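Chemist: Sharing query16.cif, mmCIF, C-alpha atoms and all ligand atoms:
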```cif
data_entry
loop_
_atom_site.label_atom_id
_atom_site.label_comp_id
_atom_site.auth_asym_id
_atom_site.auth_seq_id
_atom_site.Cartn_x
_atom_site.Cartn_y
_atom_site.Cartn_z
CA SER O 1 -8.81 29.72 -8.85
CA SER O 2 -10.16 26.23 -9.31
CA ASP O 3 -11.13 27.16 -12.88
CA ASN O 4 -7.61 26.20 -13.82
CA VAL O 5 -7.76 22.61 -12.61
CA PRO O 6 -7.67 20.41 -15.70
CA GLN O 7 -9.65 17.19 -15.82
CA ALA O 8 -7.30 14.23 -15.30
CA PRO O 9 -7.86 10.93 -17.05
CA GLU O 10 -9.29 8.07 -15.00
CA ASP O 11 -6.72 5.56 -13.75
CA PRO O 12 -6.78 2.91 -16.50
CA LEU O 13 -6.55 -0.09 -14.17
CA PHE O 14 -9.19 1.07 -11.72
CA GLY O 15 -11.35 2.09 -14.73
CA LEU O 16 -11.04 -1.43 -16.07
CA MET O 17 -12.18 -2.83 -12.71
CA ALA O 18 -15.25 -0.62 -12.76
CA ALA O 19 -16.14 -1.72 -16.30
CA TYR O 20 -15.81 -5.36 -15.26
CA ARG O 21 -18.09 -4.87 -12.26
CA LYS O 22 -20.75 -3.29 -14.47
CA ASP O 23 -20.69 -6.14 -16.99
CA THR O 24 -23.63 -8.52 -16.44
CA PHE O 25 -22.41 -11.31 -18.76
CA GLU O 26 -22.38 -14.57 -16.83
CA LYS O 27 -19.04 -15.90 -18.02
CA LYS O 28 -17.15 -12.59 -17.72
CA VAL O 29 -13.53 -12.94 -16.58
CA ASP O 30 -11.35 -10.42 -14.73
CA LEU O 31 -7.72 -10.73 -15.76
CA GLY O 32 -6.99 -7.09 -14.93
CA ILE O 33 -6.25 -6.42 -11.32
CA GLY O 34 -3.15 -7.83 -9.71
CA ALA O 35 -4.75 -9.50 -6.72
CA TYR O 36 -4.78 -13.20 -5.96
CA ARG O 37 -7.99 -15.17 -6.44
CA ASP O 38 -8.64 -18.75 -5.40
CA ASP O 39 -9.92 -21.41 -7.78
CA ASN O 40 -13.46 -20.07 -7.25
CA ALA O 41 -12.37 -16.58 -8.36
CA LYS O 42 -12.72 -15.32 -4.78
CA PRO O 43 -10.28 -13.20 -2.76
CA TRP O 44 -8.31 -15.43 -0.39
CA VAL O 45 -7.58 -14.50 3.19
CA LEU O 46 -4.45 -16.50 3.96
CA PRO O 47 -5.18 -19.02 6.74
CA VAL O 48 -2.06 -17.84 8.57
CA VAL O 49 -3.37 -14.28 8.43
CA LYS O 50 -6.69 -15.42 9.90
CA LYS O 51 -4.76 -17.10 12.69
CA ALA O 52 -2.76 -13.96 13.38
CA GLU O 53 -5.94 -11.88 13.40
CA GLY O 54 -7.36 -14.26 16.03
CA ILE O 55 -4.27 -13.78 18.19
CA LEU O 56 -4.50 -10.00 17.86
CA GLN O 57 -8.16 -9.98 18.81
CA LYS O 58 -7.40 -11.84 22.01
CA ASP O 59 -4.58 -9.53 23.04
CA PRO O 60 -5.87 -7.51 26.03
CA ASN O 61 -3.07 -4.95 25.68
CA LEU O 62 -3.87 -4.01 22.12
CA ASN O 63 -4.93 -0.41 21.57
CA HIS O 64 -5.16 2.17 18.83
CA GLU O 65 -2.30 4.43 19.82
CA TYR O 66 -0.01 5.94 17.17
CA LEU O 67 2.92 3.90 15.97
CA PRO O 68 6.33 5.62 16.01
CA ILE O 69 7.25 7.65 12.90
CA ALA O 70 9.36 4.77 11.51
CA GLY O 71 6.56 2.30 12.23
CA LEU O 72 6.35 -0.90 14.25
CA ALA O 73 9.93 -1.84 15.13
CA GLU O 74 9.29 -5.62 15.29
CA PHE O 75 7.79 -5.37 11.83
CA THR O 76 10.54 -3.34 10.17
CA SER O 77 13.33 -5.44 11.63
CA ALA O 78 11.64 -8.67 10.51
CA ALA O 79 10.97 -7.13 7.08
CA GLN O 80 14.66 -6.24 6.84
CA LYS O 81 15.71 -9.81 7.62
CA LEU O 82 13.22 -11.23 5.17
CA MET O 83 14.56 -9.04 2.41
CA LEU O 84 18.27 -9.10 3.10
CA GLY O 85 18.64 -12.43 4.90
CA ALA O 86 19.02 -12.85 8.67
CA GLU O 87 22.79 -13.13 8.28
CA SER O 88 23.15 -10.08 6.07
CA PRO O 89 26.39 -8.20 6.74
CA ALA O 90 24.50 -4.94 6.16
CA ILE O 91 22.19 -5.70 9.10
CA LYS O 92 25.05 -6.88 11.33
CA GLU O 93 27.04 -3.75 10.55
CA LYS O 94 23.97 -1.59 11.28
CA ARG O 95 24.00 0.17 7.94
CA VAL O 96 20.34 -0.26 7.02
CA ALA O 97 17.63 2.34 7.71
CA SER O 98 14.12 0.86 7.58
CA PHE O 99 10.80 2.67 7.64
CA GLN O 100 7.34 1.18 7.61
CA THR O 101 5.42 2.67 4.68
CA ILE O 102 2.00 2.74 3.04
CA SER O 103 2.61 -0.59 1.31
CA GLY O 104 4.94 -0.81 -1.68
CA THR O 105 3.56 2.34 -3.29
CA GLY O 106 4.40 4.40 -0.22
CA ALA O 107 7.88 2.88 -0.11
CA VAL O 108 8.54 3.72 -3.76
CA HIS O 109 7.32 7.24 -3.08
CA LEU O 110 9.37 7.73 0.09
CA GLY O 111 12.46 6.51 -1.75
CA GLY O 112 11.76 8.77 -4.71
CA LEU O 113 11.19 11.77 -2.49
CA PHE O 114 14.35 11.13 -0.50
CA LEU O 115 16.50 10.69 -3.61
CA SER O 116 15.01 13.74 -5.24
CA LYS O 117 15.81 15.91 -2.22
CA PHE O 118 19.03 14.46 -0.86
CA TYR O 119 20.80 12.18 -3.29
CA LEU O 120 23.48 14.27 -4.89
CA ARG O 121 22.95 14.35 -8.67
CA PRO O 122 25.01 17.33 -9.87
CA ASN O 123 23.78 17.03 -13.44
CA ASP O 124 20.20 16.26 -12.49
CA GLN O 125 20.76 12.64 -13.56
CA PRO O 126 17.50 10.84 -14.32
CA ILE O 127 15.91 7.78 -12.88
CA TYR O 128 15.74 4.99 -15.46
CA PHE O 129 13.08 2.38 -15.35
CA SER O 130 12.21 -0.49 -17.65
CA SER O 131 9.95 -0.08 -20.64
CA PRO O 132 7.36 -1.24 -19.84
CA THR O 133 7.05 -1.01 -16.07
CA TRP O 134 4.38 -0.80 -13.37
CA ALA O 135 2.28 2.14 -14.53
CA ASN O 136 2.55 3.96 -11.22
CA HIS O 137 6.35 4.34 -11.40
CA ASN O 138 5.99 7.07 -13.94
CA GLN O 139 3.61 9.19 -11.88
CA ILE O 140 5.33 8.61 -8.55
CA PHE O 141 8.75 9.70 -9.76
CA SER O 142 7.32 12.56 -11.84
CA ASN O 143 5.49 13.84 -8.78
CA VAL O 144 8.75 14.13 -6.83
CA ASN O 145 10.39 15.88 -9.79
CA LEU O 146 12.91 13.26 -10.74
CA PRO O 147 13.67 13.36 -14.46
CA ILE O 148 12.53 10.11 -16.05
CA LYS O 149 14.07 7.92 -18.72
CA THR O 150 13.50 4.31 -19.69
CA TYR O 151 15.65 1.36 -20.65
CA PRO O 152 14.46 -1.37 -23.04
CA TYR O 153 13.35 -4.53 -21.29
CA PHE O 154 10.94 -6.67 -23.25
CA SER O 155 11.44 -8.17 -26.67
CA PRO O 156 8.14 -8.53 -28.54
CA GLN O 157 9.82 -11.09 -30.83
CA THR O 158 10.91 -13.54 -28.15
CA LYS O 159 8.38 -12.36 -25.55
CA GLY O 160 11.34 -12.54 -23.22
CA LEU O 161 14.02 -10.20 -21.93
CA ASP O 162 15.82 -7.77 -24.23
CA TYR O 163 18.95 -8.00 -22.11
CA ASP O 164 21.28 -6.47 -24.70
CA GLY O 165 19.01 -3.45 -25.05
CA MET O 166 18.76 -3.06 -21.29
CA ARG O 167 22.50 -3.37 -20.77
CA ALA O 168 23.35 -0.88 -23.51
CA ALA O 169 20.94 1.70 -22.08
CA VAL O 170 22.22 1.31 -18.52
CA GLU O 171 25.76 1.59 -19.83
CA SER O 172 25.08 4.77 -21.76
CA ALA O 173 23.07 6.44 -18.98
CA PRO O 174 24.88 9.45 -17.50
CA GLU O 175 27.16 8.45 -14.64
CA GLY O 176 25.37 8.52 -11.27
CA SER O 177 21.87 7.85 -12.59
CA ILE O 178 19.27 6.00 -10.55
CA ILE O 179 18.35 2.59 -11.98
CA LEU O 180 15.02 1.14 -10.92
CA LEU O 181 14.97 -2.66 -10.92
CA HIS O 182 12.16 -5.10 -10.17
CA ALA O 183 13.58 -7.51 -7.60
CA CYS O 184 11.56 -10.44 -8.98
CA ALA O 185 8.45 -11.18 -11.03
CA HIS O 186 8.67 -8.07 -13.20
CA ASN O 187 5.37 -6.24 -13.59
CA PRO O 188 3.90 -6.30 -16.25
CA THR O 189 6.03 -8.74 -18.25
CA GLY O 190 6.69 -11.63 -15.84
CA VAL O 191 10.22 -11.71 -17.28
CA ASP O 192 13.25 -11.62 -14.96
CA LEU O 193 17.02 -11.53 -15.39
CA THR O 194 18.99 -14.73 -14.88
CA HIS O 195 21.57 -14.78 -12.08
CA ALA O 196 24.34 -14.33 -14.65
CA GLN O 197 22.55 -11.31 -16.13
CA TRP O 198 22.06 -9.79 -12.66
CA ALA O 199 25.76 -10.22 -11.97
CA ASP O 200 26.58 -8.61 -15.29
CA ILE O 201 24.23 -5.64 -14.89
CA ALA O 202 25.64 -5.12 -11.39
CA LYS O 203 29.06 -4.68 -12.99
CA VAL O 204 27.72 -2.08 -15.39
CA ILE O 205 25.93 -0.24 -12.57
CA ARG O 206 29.11 -0.26 -10.51
CA ALA O 207 31.27 0.93 -13.41
CA LYS O 208 28.92 3.87 -14.01
CA SER O 209 28.42 4.68 -10.30
CA HIS O 210 24.68 4.36 -10.75
CA PHE O 211 22.37 3.96 -7.77
CA PRO O 212 20.20 0.80 -7.76
CA PHE O 213 16.62 1.16 -6.52
CA PHE O 214 14.87 -2.19 -6.07
CA ASP O 215 11.11 -2.51 -6.14
CA CYS O 216 10.11 -5.79 -4.51
CA ALA O 217 6.38 -6.44 -4.61
CA TYR O 218 6.29 -10.23 -5.07
CA GLN O 219 8.80 -11.90 -2.73
CA GLY O 220 7.63 -15.46 -2.11
CA PHE O 221 4.57 -14.93 -4.23
CA ALA O 222 6.53 -15.40 -7.44
CA SER O 223 8.29 -18.71 -6.93
CA GLY O 224 6.91 -19.81 -3.56
CA ASP O 225 10.49 -19.52 -2.27
CA LEU O 226 11.30 -16.39 -0.26
CA GLU O 227 15.06 -16.81 -0.57
CA HIS O 228 14.97 -17.38 -4.29
CA ASP O 229 12.90 -14.26 -4.91
CA ALA O 230 15.30 -12.14 -2.83
CA TRP O 231 18.40 -13.32 -4.68
CA ALA O 232 19.03 -10.21 -6.78
CA VAL O 233 18.71 -7.76 -3.89
CA ARG O 234 20.97 -9.86 -1.68
CA TYR O 235 23.53 -10.18 -4.45
CA PHE O 236 23.75 -6.41 -4.85
CA VAL O 237 24.07 -5.94 -1.09
CA GLU O 238 26.86 -8.55 -1.00
CA GLN O 239 28.63 -6.62 -3.71
CA GLY O 240 28.71 -3.63 -1.35
CA PHE O 241 26.36 -1.31 -3.23
CA GLU O 242 24.62 1.60 -1.63
CA LEU O 243 21.01 1.02 -2.64
CA CYS O 244 17.41 1.18 -1.55
CA ILE O 245 14.47 -1.21 -1.59
CA ALA O 246 10.71 -0.73 -1.64
CA GLN O 247 9.07 -3.80 -0.11
CA SER O 248 5.38 -4.63 -0.32
CA PHE O 249 3.43 -7.16 1.75
CA ALA O 250 0.27 -6.72 -0.31
CA LYS O 251 0.60 -9.83 -2.47
CA ASN O 252 2.63 -12.21 -0.34
CA PHE O 253 0.35 -11.73 2.70
CA GLY O 254 -2.82 -10.90 0.78
CA LEU O 255 -2.92 -7.69 2.83
CA TYR O 256 -3.72 -5.44 -0.13
CA GLY O 257 -5.97 -2.93 1.59
CA GLU O 258 -4.05 -2.88 4.85
CA ARG O 259 -1.09 -1.13 3.22
CA ALA O 260 1.78 -2.94 4.92
CA GLY O 261 5.19 -2.22 3.43
CA ALA O 262 8.69 -1.05 4.18
CA PHE O 263 11.40 1.13 2.73
CA HIS O 264 15.02 0.14 3.32
CA PHE O 265 18.08 2.23 2.59
CA VAL O 266 21.36 0.30 2.69
CA THR O 267 24.68 2.15 2.70
CA GLY O 268 27.89 0.57 1.49
CA PRO O 269 30.35 -0.91 4.01
CA GLY O 270 32.99 1.34 5.52
CA PRO O 271 34.10 3.06 8.71
CA ASP O 272 31.59 5.85 8.20
CA ALA O 273 28.60 3.66 7.33
CA GLN O 274 26.78 3.97 10.66
CA ASN O 275 27.19 7.70 10.71
CA THR O 276 25.89 7.95 7.14
CA ILE O 277 22.87 5.75 7.84
CA GLY O 278 22.05 7.83 10.91
CA ARG O 279 21.94 11.01 8.82
CA ILE O 280 19.82 9.29 6.17
CA ALA O 281 17.37 7.95 8.76
CA SER O 282 17.03 11.41 10.30
CA GLN O 283 15.95 12.89 6.97
CA LEU O 284 13.63 9.99 6.17
CA ALA O 285 11.93 10.59 9.51
CA ILE O 286 11.19 14.20 8.58
CA LEU O 287 9.83 13.22 5.17
CA GLN O 288 7.67 10.49 6.71
CA ARG O 289 6.38 12.85 9.42
CA SER O 290 5.37 15.49 6.91
CA GLU O 291 3.65 13.00 4.60
CA ILE O 292 1.88 10.49 6.84
CA SER O 293 3.11 11.25 10.36
CA ASN O 294 3.17 7.55 11.15
CA PRO O 295 2.06 4.43 9.31
CA PRO O 296 -1.08 2.30 9.83
CA ALA O 297 -0.80 -0.42 12.48
CA TYR O 298 -3.13 -3.28 11.62
CA GLY O 299 -1.44 -4.93 8.62
CA ALA O 300 2.02 -4.47 10.11
CA ARG O 301 0.91 -6.17 13.34
CA ILE O 302 -0.35 -9.18 11.41
CA ALA O 303 2.77 -9.47 9.27
CA SER O 304 4.96 -8.94 12.32
CA LEU O 305 3.28 -11.74 14.27
CA VAL O 306 3.84 -14.15 11.40
CA LEU O 307 7.36 -13.06 10.55
CA ASN O 308 8.53 -13.30 14.15
CA ASP O 309 7.06 -16.70 15.01
CA ARG O 310 8.72 -19.82 13.67
CA GLU O 311 5.55 -21.88 13.38
CA LEU O 312 3.43 -19.14 11.85
CA PHE O 313 6.28 -18.38 9.47
CA GLN O 314 6.30 -21.98 8.26
CA GLU O 315 2.56 -21.89 7.79
CA TRP O 316 2.96 -18.69 5.80
CA GLU O 317 5.48 -20.38 3.51
CA GLU O 318 2.92 -23.10 2.98
CA ASN O 319 0.29 -20.50 2.06
CA LEU O 320 2.77 -18.89 -0.35
CA ARG O 321 3.29 -22.22 -2.05
CA THR O 322 -0.47 -22.63 -2.37
CA MET O 323 -0.77 -19.29 -4.18
CA SER O 324 2.29 -19.59 -6.39
CA GLY O 325 1.52 -23.24 -7.09
CA ARG O 326 -2.00 -22.49 -8.28
CA ILE O 327 -0.69 -19.74 -10.53
CA ILE O 328 1.95 -22.01 -12.02
CA ASP O 329 -0.72 -24.67 -12.63
CA MET O 330 -2.87 -22.09 -14.43
CA ARG O 331 0.08 -21.08 -16.62
CA LYS O 332 0.52 -24.71 -17.63
CA ALA O 333 -3.20 -25.18 -18.23
CA LEU O 334 -3.58 -22.01 -20.31
CA ARG O 335 -0.54 -22.76 -22.43
CA GLY O 336 -1.60 -26.38 -22.86
CA LYS O 337 -5.11 -25.50 -24.02
CA LEU O 338 -3.87 -22.78 -26.38
CA GLU O 339 -1.37 -25.11 -28.02
CA GLU O 340 -3.96 -27.86 -28.21
CA LEU O 341 -6.23 -25.47 -30.08
CA ASN O 342 -3.65 -24.28 -32.60
CA GLY O 343 -1.66 -27.51 -32.76
CA LYS O 344 1.67 -25.67 -32.53
CA GLU O 345 3.76 -26.89 -29.67
CA GLY O 346 5.81 -24.11 -28.10
CA SER O 347 3.78 -21.29 -29.64
CA TRP O 348 2.66 -20.06 -26.22
CA LYS O 349 5.69 -21.12 -24.22
CA HIS O 350 6.21 -17.59 -22.88
CA ILE O 351 3.16 -18.13 -20.66
CA THR O 352 4.95 -20.81 -18.64
CA GLU O 353 8.35 -19.15 -18.88
CA GLN O 354 7.17 -15.87 -17.38
CA ILE O 355 6.75 -15.81 -13.61
CA GLY O 356 4.73 -14.10 -10.90
CA MET O 357 1.27 -12.63 -11.00
CA PHE O 358 1.30 -11.57 -14.65
CA SER O 359 1.78 -12.83 -18.13
CA PHE O 360 2.52 -10.55 -21.02
CA THR O 361 0.57 -12.38 -23.68
CA GLY O 362 1.67 -10.45 -26.75
CA LEU O 363 -1.95 -9.61 -27.62
CA SER O 364 -2.24 -6.21 -29.32
CA GLU O 365 -4.43 -3.42 -28.01
CA LYS O 366 -6.89 -4.17 -30.81
CA GLN O 367 -7.07 -7.82 -29.79
CA VAL O 368 -7.48 -6.85 -26.13
CA LEU O 369 -10.46 -4.67 -26.97
CA LYS O 370 -11.96 -7.34 -29.22
CA ILE O 371 -11.70 -10.03 -26.56
CA ARG O 372 -13.34 -7.68 -24.05
CA GLU O 373 -16.15 -6.97 -26.47
CA ASP O 374 -16.72 -10.52 -27.69
CA ALA O 375 -15.85 -12.72 -24.72
CA HIS O 376 -16.15 -10.26 -21.80
CA ILE O 377 -12.60 -11.04 -20.75
CA TYR O 378 -10.95 -8.00 -19.17
CA MET O 379 -7.21 -7.32 -19.38
CA THR O 380 -5.05 -4.20 -19.60
CA LYS O 381 -4.50 -2.70 -23.05
CA ASN O 382 -0.88 -3.81 -23.16
CA GLY O 383 -1.98 -7.45 -23.27
CA ARG O 384 -1.07 -8.19 -19.67
CA ILE O 385 -3.15 -10.83 -17.92
CA SER O 386 -3.27 -11.51 -14.23
CA MET O 387 -2.80 -15.26 -13.97
CA ALA O 388 -4.65 -15.17 -10.66
CA GLY O 389 -7.85 -14.45 -12.58
CA ALA O 390 -7.64 -17.86 -14.28
CA ASN O 391 -9.06 -20.97 -12.62
CA THR O 392 -10.04 -24.51 -13.53
CA GLY O 393 -13.56 -23.27 -14.32
CA ASN O 394 -12.59 -20.59 -16.85
CA VAL O 395 -9.18 -21.43 -18.27
CA GLU O 396 -10.61 -23.27 -21.25
CA TYR O 397 -12.93 -20.36 -22.00
CA ILE O 398 -9.99 -17.93 -21.81
CA ALA O 399 -7.88 -20.13 -24.10
CA GLN O 400 -10.66 -20.40 -26.68
CA ALA O 401 -11.18 -16.64 -26.72
CA MET O 402 -7.44 -15.93 -27.00
CA ASP O 403 -7.00 -18.51 -29.74
CA LYS O 404 -9.90 -17.02 -31.66
CA VAL O 405 -8.71 -13.44 -31.39
CA VAL O 406 -5.18 -14.19 -32.61
CA ARG O 407 -6.56 -15.95 -35.69
CA GLU O 408 -8.79 -13.06 -36.73
N1 LIG M 501 5.63 -2.15 -7.38
C1 LIG M 501 5.19 -3.03 -8.28
C2 LIG M 501 6.09 -3.44 -9.37
C3 LIG M 501 3.91 -3.56 -8.17
O1 LIG M 501 3.49 -4.44 -9.07
C4 LIG M 501 3.09 -3.15 -7.10
C5 LIG M 501 1.72 -3.71 -6.95
N2 LIG M 501 0.91 -3.67 -8.06
C6 LIG M 501 3.61 -2.23 -6.17
C7 LIG M 501 4.88 -1.76 -6.36
C8 LIG M 501 2.91 -1.70 -4.98
O2 LIG M 501 1.75 -2.21 -4.57
P1 LIG M 501 1.19 -1.90 -3.11
O3 LIG M 501 1.25 -0.43 -2.90
O4 LIG M 501 -0.18 -2.42 -3.13
O5 LIG M 501 2.09 -2.62 -2.16
#
```
Please go through the file and, once you have read it, give me the structure as structure tokens.
Modeler:
Amino acid sequence: SSDNVPQAPEDPLFGLMAAYRKDTFEKKVDLGIGAYRDDNAKPWVLPVVKKAEGILQKDPNLNHEYLPIAGLAEFTSAAQKLMLGAESPAIKEKRVASFQTISGTGAVHLGGLFLSKFYLRPNDQPIYFSSPTWANHNQIFSNVNLPIKTYPYFSPQTKGLDYDGMRAAVESAPEGSIILLHACAHNPTGVDLTHAQWADIAKVIRAKSHFPFFDCAYQGFASGDLEHDAWAVRYFVEQGFELCIAQSFAKNFGLYGERAGAFHFVTGPGPDAQNTIGRIASQLAILQRSEISNPPAYGARIASLVLNDRELFQEWEENLRTMSGRIIDMRKALRGKLEELNGKEGSWKHITEQIGMFSFTGLSEKQVLKIREDAHIYMTKNGRISMAGANTGNVEYIAQAMDKVVRE
């Protein structure tokens, strides 16, 4: 009976959003949610998205029929090329299965479900993800019954990568484990591997026959350069790995609520690759059908129009540079003001060294709660701030409050 349903805790991030909305303090600041804001703290509909919406509205043939189970084909094939590169050998050799999903979350889930059911793990090898990671990874993989372990990732001392810790954990994981990797702009730390570190971890993953699972939620949003942000995934594919990728278009198109995303499974090269990918695609289709039947059309249509048109694509790149550029400027401004206040050059350098939407400030939970109470600045308890919440109007206020709380 329903008497046995225990009360679940509220989602911490969405709880934080609700608390912010309720706050009536004039200078309140939202550094919680990972969604882009313009310099006036307003959501930003990308101009190229507006243009694509205009084109869609004028299309007399547009209707509301179901998409196929795997989604809009023009969208998934363009998404594949964006992720892997148009010249990718994996695409040419037809050894990629791509499914349109409910944004990045749906792609992570579809991948988790598929691996849990079909990826042979004779000793019930776990999935390893970074500590910390995006909070949802834990629940998604738990819900599909994959055993969960973590590898170290962040060094509180340097506020940078604990590469040695990560490497040692991946190396000592049982052979054939699944290793979840953030393709770029790691959430929540903003800390990524260097190319040399990626190449090295690839060697360890290969030596242990692990399976790499890339989560890519910030391509183009992180650096403003789509190729640069795809480097790690493409490197692994070039090395011939069998792997999968969860791809989100929430941040880089500002299509958060439209839930546009894709899941890609890439098999290794070989005479049997096409046969293997066909079997994999057939099972993914059944999983997709039983979960969502077919994905939502609107966001995928917009992204597809832009991705498949040279001019719109260039305009999109411009929009990406606007977003990433503003965030980089805010990193510089916040660091500059903080160091001006404490007079110690370099003391906040992690803010400009970290990339993407977030900065892992190093503030303790106590400091986070104090700053919320005193200054009405909202951030997650782990000290993560969304850089998109900072703007020229509030960055000084944020810096003063952060400076004050670390002195107390
Ligand atoms: N993975 C990571 C690491 C993320 O940060 C996010 C967005 N917060 C996602 C996946 C998925 O987001 P969405 O479902 O909105 O695409």
Chemist: Around ligand LIG 501 (chain M), out to 6 Å and counting only C-alpha atoms and all ligand atoms, which residues are there? I want them as a list in words.
Modeler: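 So the residues close to ligand LIG 501 (chain M) are Ser103, Gly104, Thr105, Trp134, Asn187, Asp215, Ala217, Ser248, Ala250 and Tyr256 of chain O.
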Chemist: Need to verify the contact set: region 284-288 of chain O, 12 Å, all atoms listed in the file, exclusion of same-chain residues closer than 6 positions in sequence. Can you return it as a PyMOL selection string?
Modeler: chain O and resi 68-71+97-102+106-107+109-118+262-265+277-278+294-295
Chemist: Taking 4 positions as the minimum chain separation for residues in the same chain, which residues sit within 9 Å of region 318-331 of chain O when counting only C-alpha atoms? Answer as an MDAnalysis selection string.
Modeler: chainID O and resid 36:39 46:48 220:226 252:253 313:314 335:336 351:357 359 387:388 390:392 395
Chemist: Distance cut-off 12 Å, centre (-2.6, -23.0, -25.1) in file coordinates, counting only C-alpha atoms: which residues qualify? Return them as a ChimeraX atom specification.
Modeler: /O:330-352,361,395-404,406
Chemist: Got a sec to check which residues sit within 9 Å of (2.1, -11.2, 12.7), counting only C-alpha atoms, and write them as a PyMOL selection string?
Modeler: chain O and resi 48-49+52-53+55-56+75+299-309+312-313
Chemist: Counting only C-alpha atoms, what is within 8 Å of Leu13 (chain O), bar same-chain residues fewer than 4 positions away, as a compact mmCIF listing (two decimals) with C-alpha atoms, in the coordinates of the input?
Modeler:
```txt
# COMPACT_ATOMS: atom_id res chain seq x y z
CA MET O 17 -12.18 -2.83 -12.71
CA GLY O 32 -6.99 -7.09 -14.93
CA ILE O 33 -6.25 -6.42 -11.32
CA THR O 380 -5.05 -4.20 -19.60
```
Chemist: Just how far from CA of Glu242 (chain O) is CA of Tyr151 (chain O), in Å to one decimal?
Modeler: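 Those two atoms sit 21.0 Å apart.
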Chemist: Counting only C-alpha atoms, figure out which residue out of O:Val96, O:Ala35, O:Leu255, O:Met379 gets nearest to Leu243 (chain O).
Modeler: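 Among O:Val96, O:Ala35, O:Leu255, O:Met379, it is O:Val96 that comes nearest to Leu243 (chain O).
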Chemist: Quick check, in Å to one decimal: how far apart do CA of Ala273 (chain O) and CA of Arg95 (chain O) lie?
Modeler: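 Separating CA of Ala273 (chain O) from CA of Arg95 (chain O) is a distance of 5.8 Å.
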Chemist: Is it possible to get the axis-aligned box enclosing region 173-177 of chain O (all listed atoms, 6 Å extra per side) as AutoDock Vina command-line options, with centre and edge lengths in Å rounded to one decimal?
Modeler:
```
--center_x 24.5 --center_y 7.9 --center_z -15.1 --size_x 17.3 --size_y 15.0 --size_z 19.7
```
Chemist: CA of Ala79 (chain O) and CA of Ile140 (chain O), how far apart in Å?
Modeler: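 Separating CA of Ile140 (chain O) from CA of Ala79 (chain O) is a distance of 22.9 Å.
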